[in-house]
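Printed here is target06.cif (mmCIF, C-alpha atoms):
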```cif
data_coords
#
loop_
_atom_site.label_atom_id
_atom_site.label_comp_id
_atom_site.auth_asym_id
_atom_site.auth_seq_id
_atom_site.Cartn_x
_atom_site.Cartn_y
_atom_site.Cartn_z
CA MET A 1362 -5.27 47.88 37.01
CA GLU A 1363 -6.32 44.24 37.28
CA ILE A 1364 -3.12 42.83 35.79
CA LEU A 1365 -0.99 45.19 37.89
CA ALA A 1366 -2.77 43.92 41.00
CA VAL A 1367 -1.89 40.37 39.97
CA LEU A 1368 1.76 41.29 39.38
CA SER A 1369 1.83 42.99 42.79
CA LEU A 1370 1.10 39.66 44.48
CA LEU A 1371 4.59 38.44 43.63
CA CYS A 1372 6.73 41.36 42.46
CA PRO A 1373 5.44 44.77 43.62
CA GLU A 1374 8.79 46.35 42.75
CA VAL A 1375 8.06 45.63 39.06
CA VAL A 1376 4.62 47.22 39.35
CA ARG A 1377 6.12 50.38 40.90
CA ASP A 1378 8.44 50.73 37.90
CA ILE A 1379 5.53 50.31 35.48
CA GLU A 1380 3.21 52.75 37.28
CA GLN A 1381 5.90 55.44 37.56
CA ASN A 1382 6.68 55.24 33.85
CA TRP A 1383 3.32 54.47 32.27
CA ASN A 1384 2.99 57.67 30.26
CA VAL A 1385 6.65 58.49 29.65
CA PRO A 1386 8.76 57.51 26.62
CA VAL A 1387 9.90 53.89 26.72
CA SER A 1388 13.48 55.20 26.61
CA ASP A 1389 12.76 56.91 29.96
CA TYR A 1390 11.53 53.59 31.35
CA ALA A 1391 14.82 52.02 30.21
CA ARG A 1392 16.73 54.89 31.86
CA HIS A 1393 14.81 54.25 35.09
CA LEU A 1394 15.76 50.55 35.14
CA TRP A 1395 19.46 51.40 34.75
CA ARG A 1396 19.33 53.82 37.69
CA PRO A 1397 21.83 53.50 40.58
CA VAL A 1398 21.59 50.62 43.07
CA ALA A 1399 22.52 50.87 46.76
CA ARG A 1400 26.02 49.52 47.37
CA PRO A 1401 26.34 46.18 49.22
CA ALA A 1402 26.34 46.70 52.98
CA SER A 1403 26.50 43.25 54.62
CA GLY A 1404 29.57 41.01 54.71
CA PRO A 1405 28.20 38.34 52.32
CA ALA A 1406 26.97 40.96 49.82
CA ILE A 1407 30.28 42.86 49.84
CA ALA A 1408 32.19 39.60 49.31
CA ALA A 1409 29.85 38.54 46.49
CA ARG A 1410 30.20 41.92 44.70
CA SER A 1411 33.99 41.69 45.00
CA ILE A 1412 34.03 38.24 43.38
CA LEU A 1413 31.68 39.33 40.58
CA ARG A 1414 33.81 42.40 39.92
CA GLU A 1415 36.99 40.27 39.67
CA VAL A 1416 35.44 37.87 37.18
CA LEU A 1417 33.88 40.72 35.16
CA HIS A 1418 37.32 42.36 35.03
CA GLN A 1419 38.68 39.23 33.36
CA ARG A 1420 35.82 39.19 30.85
CA LEU A 1421 36.30 42.87 30.00
CA GLY A 1422 40.02 42.26 29.56
CA ALA A 1423 39.22 40.08 26.56
CA ILE A 1424 37.27 42.79 24.71
CA MET A 1425 38.44 46.20 25.99
CA GLN A 1426 41.51 48.37 26.42
CA PRO A 1427 42.72 48.90 30.04
CA GLU A 1428 41.36 52.45 30.30
CA GLU A 1429 37.96 51.27 29.02
CA ILE A 1430 37.87 48.45 31.59
CA GLY A 1431 38.29 50.82 34.54
CA LYS A 1432 35.52 53.09 33.29
CA ALA A 1433 33.09 50.21 32.66
CA LEU A 1434 33.73 48.69 36.09
CA GLU A 1435 33.25 52.03 37.83
CA GLU A 1436 29.96 52.53 35.98
CA PHE A 1437 28.87 49.03 36.99
CA GLU A 1438 29.74 49.79 40.60
CA HIS A 1439 27.16 52.62 40.62
CA ARG A 1440 24.63 51.10 38.24
CA PRO A 1441 25.03 47.33 38.57
CA VAL A 1442 22.39 46.13 36.12
CA ILE A 1443 22.31 42.97 34.02
CA GLN A 1444 19.90 42.52 31.13
CA SER A 1445 19.08 38.86 31.54
CA GLY A 1446 16.73 36.58 29.65
CA LEU A 1447 18.73 36.85 26.40
CA HIS A 1448 18.93 33.45 24.82
CA CYS A 1449 22.08 32.49 22.93
CA LEU A 1450 20.82 33.61 19.53
CA LEU A 1451 22.09 35.82 16.76
CA LEU A 1452 20.70 39.36 17.02
CA MET A 1453 18.69 38.70 13.87
CA ASP A 1454 16.25 36.96 16.22
CA ARG A 1455 13.44 39.46 16.76
CA ILE A 1456 12.94 39.05 20.52
CA THR A 1457 16.69 39.02 21.21
CA PHE A 1458 17.25 42.15 19.09
CA ASP A 1459 14.42 44.06 20.75
CA ALA A 1460 15.66 43.12 24.23
CA LEU A 1461 19.22 44.16 23.48
CA LEU A 1462 17.98 47.45 21.99
CA PHE A 1463 16.07 48.11 25.22
CA ALA A 1464 19.24 47.56 27.29
CA TRP A 1465 21.18 49.82 24.91
CA LEU A 1466 18.56 52.55 25.44
CA GLY A 1467 18.95 52.25 29.21
CA ALA A 1468 22.71 52.52 28.94
CA VAL A 1469 22.69 55.44 26.50
CA GLU A 1470 20.11 57.41 28.49
CA ASN A 1471 22.41 57.07 31.52
CA ARG A 1472 25.52 57.89 29.43
CA LEU A 1473 27.15 54.55 30.18
CA SER A 1474 30.02 53.36 28.03
CA ALA A 1475 28.99 49.70 28.40
CA PHE A 1476 26.14 47.48 29.57
CA VAL A 1477 25.98 43.83 30.55
CA GLY A 1478 23.75 41.21 28.93
CA PHE A 1479 23.44 37.61 30.13
CA MET A 1480 23.00 35.06 27.35
CA GLY A 1481 21.69 31.67 28.43
CA THR A 1482 23.77 29.04 26.63
CA THR A 1483 22.29 25.81 28.00
CA MET A 1484 19.67 25.65 25.22
CA THR A 1485 20.04 23.10 22.43
CA MET A 1486 21.14 24.27 18.98
CA GLU A 1487 17.62 23.57 17.69
CA THR A 1488 14.87 24.03 20.25
CA ILE A 1489 11.80 23.34 18.10
CA GLY A 1490 11.54 23.06 14.34
CA ARG A 1491 14.07 25.44 12.75
CA GLU A 1492 14.29 27.57 15.89
CA GLY A 1493 17.28 28.13 18.18
CA PRO A 1494 20.98 29.08 18.03
CA GLY A 1495 21.64 26.95 14.94
CA TRP A 1496 19.27 28.97 12.79
CA LEU A 1497 19.48 32.44 11.26
CA ASP A 1498 16.14 34.20 10.79
CA VAL A 1499 16.23 36.30 7.63
CA GLY A 1500 12.57 37.29 7.77
CA ASP A 1501 11.09 35.14 5.02
CA ASP A 1502 13.25 32.08 5.63
CA LYS A 1503 15.58 30.34 8.08
CA VAL A 1504 19.22 29.59 7.25
CA ASN A 1505 21.17 26.76 8.88
CA LEU A 1506 23.82 29.02 10.44
CA PHE A 1507 26.58 26.48 11.02
CA GLY A 1508 25.64 23.89 8.39
CA MET A 1509 25.09 21.30 11.10
CA GLY A 1510 22.69 18.42 10.38
CA ARG A 1511 19.35 18.71 12.21
CA HIS A 1512 19.89 15.42 14.06
CA LYS A 1513 23.00 17.06 15.56
CA LEU A 1514 21.36 20.44 16.15
CA CYS A 1515 18.75 19.01 18.49
CA ARG A 1516 21.34 16.89 20.35
CA LYS A 1517 23.98 19.52 21.09
CA SER A 1518 23.88 22.54 23.41
CA ALA A 1519 25.10 26.01 22.43
CA CYS A 1520 27.68 26.27 25.25
CA VAL A 1521 29.57 23.16 24.13
CA ALA A 1522 28.70 22.48 20.48
CA GLY A 1523 31.90 22.95 18.55
CA PRO A 1524 34.23 23.65 16.95
CA VAL A 1525 31.97 25.46 14.47
CA SER A 1526 32.28 27.66 11.39
CA LEU A 1527 29.62 29.69 9.63
CA ASN A 1528 27.75 28.11 6.72
CA LYS A 1529 29.46 30.16 4.03
CA ARG A 1530 27.51 28.80 1.06
CA ALA A 1531 24.11 29.39 2.66
CA LEU A 1532 25.06 32.93 3.73
CA GLU A 1533 26.26 33.85 0.26
CA ALA A 1534 22.98 32.57 -1.17
CA VAL A 1535 21.10 34.92 1.20
CA GLY A 1536 23.06 37.81 -0.28
CA ASP A 1537 21.68 36.96 -3.71
CA GLU A 1538 18.10 36.92 -2.49
CA THR A 1539 17.64 39.81 -0.06
CA ASP A 1540 18.74 43.31 0.77
CA ALA A 1541 21.12 42.19 3.51
CA SER A 1542 23.52 45.14 3.61
CA ARG A 1543 22.70 45.92 7.26
CA TRP A 1544 24.08 42.64 8.60
CA LEU A 1545 25.34 40.14 6.02
CA GLY A 1546 28.74 41.75 5.55
CA THR A 1547 29.46 41.44 9.26
CA LEU A 1548 28.65 37.73 9.15
CA LEU A 1549 30.64 37.09 5.98
CA ALA A 1550 33.69 38.77 7.57
CA SER A 1551 33.73 35.82 10.00
CA GLN A 1552 33.07 33.12 7.42
CA ASP A 1553 36.58 31.65 7.58
CA LYS A 1554 36.89 31.67 11.36
CA VAL A 1555 36.73 28.55 13.48
CA PHE A 1556 35.06 29.10 16.86
CA ALA A 1557 35.57 26.86 19.87
CA THR A 1558 31.82 26.69 20.53
CA ALA A 1559 28.59 27.97 19.02
CA ALA A 1560 28.19 30.28 22.04
CA ASP A 1561 31.59 31.84 21.32
CA ALA A 1562 30.62 32.36 17.68
CA LEU A 1563 27.27 33.97 18.48
CA THR A 1564 28.78 36.20 21.18
CA GLU A 1565 31.58 37.49 18.94
CA ILE A 1566 29.34 38.06 15.92
CA ASN A 1567 26.72 39.84 18.03
CA GLU A 1568 29.40 42.16 19.42
CA GLU A 1569 30.49 42.94 15.86
CA LEU A 1570 26.92 43.54 14.69
CA VAL A 1571 26.31 46.10 17.45
CA THR A 1572 29.63 47.80 16.66
CA ASP A 1573 28.61 48.06 13.01
CA TRP A 1574 25.08 49.26 13.80
CA ASP A 1575 26.35 51.88 16.28
CA ARG A 1576 29.60 53.20 14.82
CA SER A 1577 29.53 56.13 17.23
CA GLY A 1578 30.23 53.63 20.03
CA MET A 1579 27.63 55.20 22.33
CA ALA A 1580 27.29 52.10 24.53
CA ARG A 1581 28.98 48.75 24.15
CA PRO A 1582 27.38 45.40 25.03
CA VAL A 1583 29.31 43.04 27.31
CA PHE A 1584 27.89 39.57 26.81
CA ILE A 1585 28.28 37.12 29.67
CA ASP A 1586 26.80 33.64 30.01
CA ASP A 1587 26.48 30.53 32.17
CA ARG A 1588 30.23 29.92 31.94
CA LEU A 1589 30.98 33.23 33.63
CA ALA A 1590 28.45 32.31 36.33
CA ALA A 1591 30.39 29.05 36.78
CA ALA A 1592 33.62 31.02 37.25
CA VAL A 1593 31.92 33.23 39.87
CA MET A 1594 30.54 30.13 41.58
CA THR A 1595 34.03 28.59 41.75
CA ARG A 1596 35.35 31.67 43.58
CA HIS A 1597 32.55 31.41 46.15
CA LEU A 1598 33.45 27.78 46.78
CA ASP A 1599 37.12 28.75 47.26
CA GLN A 1600 36.24 29.96 50.72
CA ASP A 1601 35.34 27.38 53.34
CA GLY A 1602 33.18 29.77 55.33
CA SER A 1603 31.46 31.58 52.47
CA LEU A 1604 27.69 31.76 52.66
CA LEU A 1605 27.31 29.74 49.47
CA SER A 1606 29.66 27.01 50.74
CA ARG A 1607 27.64 26.76 53.94
CA LEU A 1608 24.28 26.66 52.18
CA LEU A 1609 25.34 23.92 49.77
CA LEU A 1610 27.83 21.83 51.72
CA GLU A 1611 26.69 21.86 55.36
CA PRO A 1612 23.96 19.17 55.56
CA ALA A 1613 21.70 21.09 57.95
CA ARG A 1614 21.95 24.29 55.89
CA ARG A 1615 21.31 22.48 52.61
CA GLN A 1616 18.32 20.72 54.17
CA ARG A 1617 16.92 24.12 55.11
CA LEU A 1618 17.61 25.45 51.60
CA ASP A 1619 15.97 22.37 50.01
CA HIS A 1620 12.94 22.89 52.25
CA ALA A 1621 12.68 26.55 51.15
CA LEU A 1622 12.88 25.49 47.50
CA GLN A 1623 10.19 22.84 47.99
CA GLU A 1624 7.93 25.27 49.86
CA ALA A 1625 8.17 27.77 47.02
CA ALA A 1626 7.57 25.07 44.39
CA SER A 1627 4.40 23.87 46.17
CA GLY A 1628 3.12 27.40 46.83
CA PRO A 1629 0.70 29.47 44.74
CA PHE A 1630 3.49 30.79 42.48
CA GLY A 1631 5.31 27.47 42.05
CA ARG A 1632 4.60 27.35 38.31
CA PHE A 1633 7.17 30.13 37.85
CA LEU A 1634 10.03 28.09 39.33
CA PRO A 1635 12.46 26.36 36.97
CA ASN A 1636 13.29 23.07 38.71
CA ALA A 1637 14.66 20.92 35.91
CA THR A 1638 17.93 19.99 37.63
CA ALA A 1639 19.49 19.80 41.10
CA TYR A 1640 21.62 22.95 41.63
CA PHE A 1641 23.85 22.21 38.60
CA TRP A 1642 23.62 21.11 34.99
CA GLY A 1643 26.01 18.43 33.79
CA ILE A 1644 27.89 18.56 30.50
CA ARG A 1645 28.57 15.33 28.62
CA GLU A 1646 29.14 14.70 24.90
CA GLN A 1647 28.36 18.33 23.93
CA ARG A 1648 24.97 18.21 25.63
CA VAL A 1649 23.61 19.75 28.82
CA ARG A 1650 22.25 17.01 31.13
CA LYS A 1651 19.74 17.03 33.97
CA LEU A 1652 21.24 15.97 37.32
CA VAL A 1653 19.83 14.72 40.60
CA LEU A 1654 21.54 14.60 44.00
CA GLU A 1655 21.60 11.05 45.38
CA ASN A 1656 23.83 9.50 48.04
CA GLY A 1657 26.11 12.51 48.07
CA HIS A 1658 26.67 12.50 44.28
CA LEU A 1659 25.31 14.53 41.36
CA ILE A 1660 24.23 11.90 38.82
CA GLU A 1661 22.23 11.66 35.62
CA PRO A 1662 18.96 9.91 36.46
CA ASP A 1663 18.50 6.54 34.74
CA ARG A 1664 21.97 6.77 33.18
CA PRO A 1665 24.25 4.26 34.92
CA HIS A 1666 27.21 5.30 32.78
CA GLY A 1667 26.47 9.02 32.90
CA LEU A 1668 28.06 11.72 35.04
CA SER A 1669 28.70 11.05 38.73
CA ILE A 1670 30.28 13.91 40.69
CA PRO A 1671 30.73 13.89 44.49
CA PHE A 1672 28.84 16.80 46.06
CA GLU A 1673 31.94 18.08 47.84
CA ARG A 1674 33.76 21.38 47.41
CA PRO A 1675 36.96 20.21 45.59
CA HIS A 1676 34.99 18.00 43.18
CA LEU A 1677 32.40 20.69 42.46
CA GLN A 1678 35.11 23.29 41.89
CA GLN A 1679 37.07 21.04 39.58
CA ALA A 1680 33.98 20.17 37.56
CA LEU A 1681 33.05 23.85 37.26
CA LEU A 1682 36.58 24.75 36.15
CA GLU A 1683 36.63 21.96 33.58
CA GLY A 1684 33.23 22.88 32.17
CA VAL A 1685 31.61 19.63 33.32
CA LEU A 1686 29.14 21.51 35.56
CA LEU A 1687 27.20 24.74 35.12
CA PRO A 1688 25.10 26.35 37.88
CA ASP A 1689 21.33 26.16 37.48
CA LEU A 1690 19.22 29.31 37.32
CA PHE A 1691 18.84 29.57 41.08
CA LEU A 1692 22.59 29.50 41.71
CA THR A 1693 23.25 31.70 38.67
CA PHE A 1694 20.94 34.46 39.92
CA LEU A 1695 22.24 33.98 43.45
CA VAL A 1696 25.88 34.71 42.51
CA LEU A 1697 25.26 37.24 39.71
CA ALA A 1698 22.41 39.27 41.22
CA ILE A 1699 20.87 38.49 44.61
CA LEU A 1700 24.02 38.28 46.75
CA PRO A 1701 26.09 41.01 44.98
CA ARG A 1702 23.02 43.34 44.92
CA VAL A 1703 22.69 43.65 41.16
CA ARG A 1704 19.44 44.61 39.43
CA VAL A 1705 18.32 42.05 36.85
CA VAL A 1706 16.09 43.05 33.95
CA GLY A 1707 14.28 40.10 32.41
CA GLY A 1708 11.12 38.60 30.99
CA LEU A 1709 7.66 37.83 32.31
CA ARG A 1710 8.58 34.47 33.79
CA GLN A 1711 11.88 35.76 35.14
CA ILE A 1712 10.31 38.56 37.19
CA GLY A 1713 8.34 35.80 38.91
CA TYR A 1714 11.14 33.36 39.62
CA VAL A 1715 13.66 36.03 40.64
CA ALA A 1716 11.16 37.18 43.28
CA LEU A 1717 10.79 33.56 44.41
CA PHE A 1718 14.57 32.99 44.44
CA HIS A 1719 14.83 36.06 46.63
CA SER A 1720 12.29 34.71 49.12
CA ILE A 1721 14.02 31.30 49.10
CA VAL A 1722 17.36 32.88 50.04
CA LEU A 1723 15.69 34.82 52.87
CA ALA A 1724 14.07 31.62 54.18
CA ALA A 1725 17.42 29.80 54.08
CA LEU A 1726 19.36 32.41 56.07
CA ASP A 1727 20.26 31.91 59.72
CA GLU A 1728 19.39 35.21 61.36
CA SER A 1729 21.11 34.20 64.58
CA ALA A 1730 24.37 34.83 62.68
CA PRO A 1731 24.99 38.62 62.60
CA GLU A 1732 26.25 38.81 59.01
CA GLU A 1733 23.30 36.77 57.72
CA ARG A 1734 20.93 38.96 59.73
CA ASP A 1735 22.53 42.00 58.07
CA LEU A 1736 22.09 40.37 54.65
CA ALA A 1737 18.43 39.61 55.40
CA ALA A 1738 17.87 43.29 56.21
CA GLU A 1739 19.55 44.28 52.95
CA LEU A 1740 17.45 41.80 50.96
CA GLN A 1741 14.26 43.58 51.96
CA VAL A 1742 14.84 45.59 48.78
CA ARG A 1743 14.54 43.48 45.63
CA GLU A 1744 16.33 44.56 42.46
CA ASN A 1745 14.08 42.89 39.91
CA ALA A 1746 12.68 44.49 36.75
CA TRP A 1747 10.77 43.75 33.55
CA GLY A 1748 12.55 44.57 30.28
CA MET A 1749 12.18 41.64 27.89
CA ARG A 1750 9.54 42.27 25.20
CA VAL A 1751 8.72 45.73 26.54
CA ILE A 1752 9.83 46.59 23.02
CA ASP A 1753 8.15 43.88 20.97
CA GLU A 1754 8.09 44.67 17.27
CA LYS A 1755 6.07 42.20 15.21
CA ILE A 1756 8.16 42.44 12.04
CA SER A 1757 11.48 40.70 11.43
CA VAL A 1758 14.77 42.37 12.32
CA ARG A 1759 15.65 42.53 8.62
CA GLU A 1760 12.48 44.55 8.04
CA GLN A 1761 13.16 46.73 11.09
CA LEU A 1762 16.62 47.58 9.80
CA ALA A 1763 15.79 48.01 6.11
CA GLY A 1764 14.99 51.71 6.19
CA LEU A 1765 17.54 52.80 8.77
CA PRO A 1766 20.84 54.58 8.07
CA GLU A 1767 23.91 52.36 8.01
CA GLY A 1768 26.21 52.88 10.98
CA ALA A 1769 23.54 54.77 12.94
CA LEU A 1770 20.77 52.21 13.24
CA PHE A 1771 20.55 52.36 17.03
CA ALA A 1772 20.76 56.16 17.07
CA ASP A 1773 17.78 56.34 14.74
CA LEU A 1774 15.84 53.86 16.87
CA LEU A 1775 16.71 55.92 19.96
CA ARG A 1776 14.88 58.89 18.42
CA GLN A 1777 11.85 56.69 17.72
CA TYR A 1778 11.64 55.32 21.27
CA ARG A 1779 12.01 58.76 22.79
CA SER A 1780 8.63 59.59 21.25
CA ARG A 1781 6.73 56.37 22.04
CA THR A 1782 5.37 55.89 25.54
CA PHE A 1783 5.65 52.75 27.62
CA ALA A 1784 1.85 52.33 27.44
CA GLU A 1785 1.93 52.57 23.63
CA THR A 1786 4.90 50.28 23.16
CA THR A 1787 3.40 47.55 25.37
CA ASP A 1788 -0.11 48.04 23.94
CA ASN A 1789 -1.41 48.59 27.48
CA LEU A 1790 0.42 45.52 28.79
CA LYS A 1791 -1.18 43.22 26.20
CA LEU A 1792 1.68 40.70 26.48
CA VAL A 1793 1.27 40.50 30.26
CA ARG A 1794 -2.52 40.20 30.05
CA GLU A 1795 -2.19 37.33 27.57
CA ASN A 1796 0.57 35.52 29.47
CA ALA A 1797 -0.71 32.09 30.56
CA ARG A 1798 1.15 31.98 33.90
CA TRP A 1799 0.08 35.44 35.05
CA ARG A 1800 -3.48 34.87 33.82
CA LYS A 1801 -3.76 31.66 35.87
CA ILE A 1802 -2.45 33.49 38.97
CA GLY A 1803 -5.11 36.15 38.46
CA GLN A 1804 -7.86 33.54 38.05
CA ALA A 1805 -6.74 31.72 41.20
CA TYR A 1806 -6.86 34.90 43.29
CA SER A 1807 -10.16 36.14 41.86
CA VAL A 1808 -12.03 32.99 42.96
#
```
Target encoding structure tokens, full file:
Amino acid sequence: MEILAVLSLLCPEVVRDIEQNWNVPVSDYARHLWRPVARPASGPAIAARSILREVLHQRLGAIMQPEEIGKALEEFEHRPVIQSGLHCLLLMDRITFDALLFAWLGAVENRLSAFVGFMGTTMTMETIGREGPGWLDVGDDKVNLFGMGRHKLCRKSACVAGPVSLNKRALEAVGDETDASRWLGTLLASQDKVFATAADALTEINEELVTDWDRSGMARPVFIDDRLAAAVMTRHLDQDGSLLSRLLLEPARRQRLDHALQEAASGPFGRFLPNATAYFWGIREQRVRKLVLENGHLIEPDRPHGLSIPFERPHLQQALLEGVLLPDLFLTFLVLAILPRVRVVGGLRQIGYVALFHSIVLAALDESAPEERDLAAELQVRENAWGMRVIDEKISVREQLAGLPEGALFADLLRQYRSRTFAETTDNLKLVRENARWRKIGQAYSV
């Protein structure tokens, strides 16, 4: 009760979901999170959903047949949900696998043919020692997935590191050492491919792993990432009078937005806010770069020869199209979730900052404008949910898969999670109780 009271201070909608599903199977909790969402009603929300749908249509066109695309888009129209918080890692990563399984449960329990997962690709290839997109976790060891030297791994970002190929020799050695029949064959089938970027490689291989693990095709993952958010952002900037154009490019509106961001950052929940860059990340030499906004330009601080992009619509659009800019988390959630009225399912930090992003947008709106007043009314309902590490197995993915039937791994796991309650799976919210950010919030409010 104490931790739920703390969560309620910032995201009561998350607490309602937890309380309603405390004693039901965790698969029922997943079904609940993929429930229908009210259709956009205000002008800005309708426009934002239309743009997102157009860009999603293009993404689906790359992986689906035409009849499948129509079905997936219609399902998304009724149940617009994105499993966010997935980092750009191979599904052999324990936390990534468990999160994707949770999204799959939500989709299957609602009889959806597809579900959308957002993979953050701005992380470096090695985050800390032998962790990150450049490493394959095989349970008792880590394999250098692309055979890239560690000095390169920590200096390149997943969205732009490339071209890459899989480390064939290292993967074949794994086959000699472990029972890898549940996943190694899928990786080795791609051993001779050259991928444009590491993110492309991980996305394609993850799609193939899920297809192999669920040969019945019950629900198909659609992986999107920061680059799709950039494409959506570009469409918003196409229109001179769009809400996003006004907020970013009209000085008075941006000043109001900046003030709302600063107020949230200095408030009691400010530790949840990611504020590492100014609206956009820059891309230079296969690395994501922090930017600041100075004298009307996005620049790299303390880098006189770094990026310098005028903060004007045509220059921002061109940089987004060319892959020189990517939206930061605030703009990403704005165009993928908050404006188009999409429910996002994420982790324990994300449920905090999505709630804050939501309040920042509300504070930045001009309610003397009818369409913004309508949007403000619509935004009284937040579509924000916890789903990362709800399933949180402590053994490696290789160990999780070892005893499961080939081709029906997910179906077997579905049976397991239909018999385990939310309370059991989360060990009575142990992860939340031990989370440093939420614990500090609780201590601050108990004084």
Between CA of Arg1710 in chain A and CA of His1597 in chain A - distance in Å to one decimal: 27.1 Å
Explicit residue set for the PyMOL selection byres ((chain A and resi 1647-1661) around 8), as a PyMOL selection string: chain A and resi 1483-1485+1516-1518+1521-1523+1637-1639+1641-1646+1662-1665+1667-1672
Straight-line distance linking CA of Leu1451 in chain A with CA of Asp1575 in chain A, stated in Å to one decimal: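 Going from CA of Leu1451 in chain A over to CA of Asp1575 in chain A covers 16.6 Å.
A straight line drawn from CA of Gly1495 in chain A to CA of Leu1450 in chain A is 8.1 Å long.
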Option closest in space to Val1685 in chain A, from A:Arg1588, A:Arg1396, A:Pro1373, A:Val1535 [counting all atoms listed in the file]: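 Closest residue, counting all atoms listed in the file: A:Arg1588.
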Any chance you could tabulate, as CSV, the residues of range 1431-1497 of chain A at most 12 Å from range 1405-1410 of chain A with each one's nearest atom pair and distance in Å to one decimal, using all atoms listed in the file, in chain and rising number order?
```
residue,atom,partner,partner_atom,distance
A:Leu1434,CA,A:Arg1410,CA,11.5
A:Phe1437,CA,A:Arg1410,CA,10.6
A:Glu1438,CA,A:Arg1410,CA,8.9
A:His1439,CA,A:Arg1410,CA,11.8
A:Pro1441,CA,A:Arg1410,CA,9.7
```
Neighbour list for range 1472-1478 of chain A as a PyMOL selection string, cut-off 6 Å, all atoms listed in the file, skip fewer than 6 positions in-chain: chain A and resi 1433+1443-1445+1580-1584
The PyMOL selection byres ((chain A and resi 1783) around 6) resolved against shown file, as a list in words: Trp1383, Pro1386, Val1387, Thr1782, Ala1784, Glu1785 and Thr1786 of chain A
Selected residue, from A:Glu1624, A:Glu1611, A:Glu1673, A:Asp1587, that lies nearest to Val1696 in chain A when counting all atoms listed in the file: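 Among the listed residues, A:Asp1587 lies closest to Val1696 in chain A.
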Residue IDs satisfying the PyMOL selection byres ((chain A and resi 1456) around 10), as number ranges by chain: A: 1447-1448, 1450, 1452-1455, 1457-1462, 1749-1755, 1757-1758
Contact residues around His1620 in chain A with all atoms listed in the file at 12 Å, ignoring same-chain residues under 6 positions, as a ChimeraX atom specification: /A:1608,1613-1614,1626-1627,1721-1722,1724-1725
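Comparing A:Leu1736, A:Leu1545, A:Ile1712, A:Leu1563 by their smallest distance to Leu1604 in chain A, the closest is A:Leu1736 (using only C-alpha atoms).
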Given only C-alpha atoms as the counted atoms, nearest of A:Thr1595, A:Ser1577, A:Cys1515, A:Arg1414 to Ala1698 in chain A: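 Smallest distance to Ala1698 in chain A is found for A:Arg1414.
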Range 1468-1471 of chain A surroundings by only C-alpha atoms, 9 Å radius, close-in-sequence under 6 positions cut, as a list in words: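 Once the nearby chain positions are removed, what remains is Ser1388, Asp1389, Ala1391, Arg1392, His1393, Trp1395, Arg1396, Met1579, Ala1580, Arg1581 and Leu1775 of chain A.
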